[in-house]
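Undergrad: One structure, as structure tokens, below. Some questions next.
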Amino acid sequence: MTTTDLSTQEVQAPITQMESEEAQRYYSASQFQLIWWRFRKHRLARTGALILLTMALVGLFAEFVGPYSGITRVSEAVLVAPQAPQFCNDDGCSLRPFLPGITSERNTETLRMETKIDPSVRRDIYFFVEGEEYKLLGMFKMNTHLFGVEEGSIHLLGTDSLGRDIFSRTLLATRTSLSIGIIGVIIAFVLALVIGGVAGYFGGGLDYAIQRLTEIVRVIPVIPLYMGLAAAFPKEWSSTQVYFAMTLVLALVGWPTLARRIRGKLLSLRGEDYVIAASLAGAGPSRIIGRHLLPAFMSYIIVDLVISFPFMLLSETALSFVGLGLRPPTVSWGVLLQDAQTVRAIEQAPWLFIPALFVIVAVLSFTVLGDGLRDAADPYQVSG
């Protein structure tokens, strides 16, 4: 056998059954299956998704995970520093975590609230303990909490100037801030798809009118708008009404950018052969836009959608921080950070900035998740 025959035999080596099944599985997969397979290989994006999922679950079951409600005050623990569970003290070690004795007293010379620790006191931490009654998911009455102590109080992240537990309040704030971001982005996304899709597909006078409306919304100064709306919200509105009003306002000013981008993509794609073929086959505008045009730049839409979440989170946090957003007793990250506006608070109680760490982690997680979804949804991405 000649060298040429050997080379031909090597090139035309038979495909194994496993390789054949894998190739058939890949080429018969739907677009969303391909996106999922590629996304699973992006470790950083999976980490971001896991962090966000954890934050969402913890926020959803905040009353169960936290030992107190958002308004419970402990008069003996005002501006108490964060308490770290311990396993060992002078009396020895144990498998059950515990906390030393702790009280807060005002220094007669500096007038500061200072934390006094009594290492001789040992308060064991128990799991699934009974405490304050609450409604799980707003429906089921319960009084079981994930952890707690039998005597005294427990404050893993410290307390504020009114003796309220920051850990419990941060969990409740996580639910509020994340839900505002998710609901606001969904509303803005639907508006952008409808308005941008109609403008890009039909064009003409309708497109001209929609673009003028988009420009009007985009040039509205944001801060004066929020100041006016904050003043317009009736004082007798409940926290729930203010919450939904805030979400709707963020959504109504967040759709123009994505709408214009979708409109530009549709203008460039509506003359493609597959679009004309679908139209000749009798497909309606909604089917052509939803089944043929939008999937053509799905990766771009996904990235823009995920990046919009940090914008919504930061908008709510910033507005609530300066007093233009949600109002107490509603608890959000921005509302919690209102207690850390002064230099005195930074000096005496730096743990009041802990909610800011949650904001940073959430924004970074959304960013890496968006990068991973963009790579996974890229139609030119090579599957390994």
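Residue numbers start at 1 in each chain; chains themselves are named A, B, ... in the order of the structure tokens; ligands are numbered from 1 in the order shown.
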Please list as a PDB file with C-alpha atoms, in the first residue's frame every residue within 7 Å of stretch 259-274 of chain A, counting only C-alpha atoms and excluding residues in the same chain fewer than 5 positions away.

TA:
ATOM      1  CA  ALA A 192     -38.906  48.221  23.799  1.00  0.00           C
ATOM      2  CA  LEU A 193     -39.694  45.058  21.836  1.00  0.00           C
ATOM      3  CA  ILE A 195     -42.285  49.858  20.040  1.00  0.00           C
ATOM      4  CA  GLY A 196     -38.894  49.149  18.464  1.00  0.00           C
ATOM      5  CA  GLY A 197     -40.215  46.187  16.514  1.00  0.00           C
ATOM      6  CA  ALA A 199     -40.933  51.086  14.113  1.00  0.00           C
ATOM      7  CA  GLY A 200     -38.211  48.952  12.532  1.00  0.00           C
ATOM      8  CA  TYR A 201     -40.479  46.612  10.585  1.00  0.00           C
ATOM      9  CA  LEU A 293     -36.040  38.778  12.947  1.00  0.00           C
TER      10      LEU A 293
END

Undergrad: Using DSSP on the backbone coordinates, identify all residues within stretch 129-185 of chain A classified as strand (DSSP E or B); present the result as a ChimeraX atom specification.

TA: /A:129-136,140-149,159,164-165

Undergrad: Looking at A:Ala230, A:Leu252, A:Leu60, A:Leu44, which one is nearest to A:Gly372, with distances taken over only C-alpha atoms?

TA: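 Using only C-alpha atoms, A:Gly372 sits closest to A:Leu44.
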
Undergrad: For atom CA of A:Glu133 and atom CA of A:Leu52, quote the distance in Å rounded to one decimal.

TA: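 Interatomic distance, atom CA of A:Glu133 to atom CA of A:Leu52: 27.5 Å.
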
Undergrad: Find the spatial neighbours of A:His292, counting only C-alpha atoms, within a cut-off of 9 Å - ignore same-chain residues fewer than 5 positions away - and output them as a PDB file with N, CA and C atoms, in the first residue's frame.

TA:
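That gives us result_23.pdb:
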ATOM      1  N   TYR A 274     -34.760  35.564   3.700  1.00  0.00           N
ATOM      2  CA  TYR A 274     -35.628  34.710   4.514  1.00  0.00           C
ATOM      3  C   TYR A 274     -36.837  35.479   5.041  1.00  0.00           C
ATOM      4  N   VAL A 275     -36.697  36.795   5.235  1.00  0.00           N
ATOM      5  CA  VAL A 275     -37.830  37.609   5.656  1.00  0.00           C
ATOM      6  C   VAL A 275     -38.834  37.741   4.509  1.00  0.00           C
ATOM      7  N   ALA A 278     -40.619  34.442   4.082  1.00  0.00           N
ATOM      8  CA  ALA A 278     -41.648  34.238   5.106  1.00  0.00           C
ATOM      9  C   ALA A 278     -42.884  35.076   4.809  1.00  0.00           C
ATOM     10  N   ARG A 287     -45.412  37.266  13.464  1.00  0.00           N
ATOM     11  CA  ARG A 287     -44.659  36.017  13.332  1.00  0.00           C
ATOM     12  C   ARG A 287     -43.285  36.274  12.723  1.00  0.00           C
TER      13      ARG A 287
END

Undergrad: For A:Leu373, which residue out of A:Phe358, A:Ile301, A:Tyr208, A:Ser320 is the nearest one, using only C-alpha atoms?

TA: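 Using only C-alpha atoms, A:Leu373 sits closest to A:Ile301.
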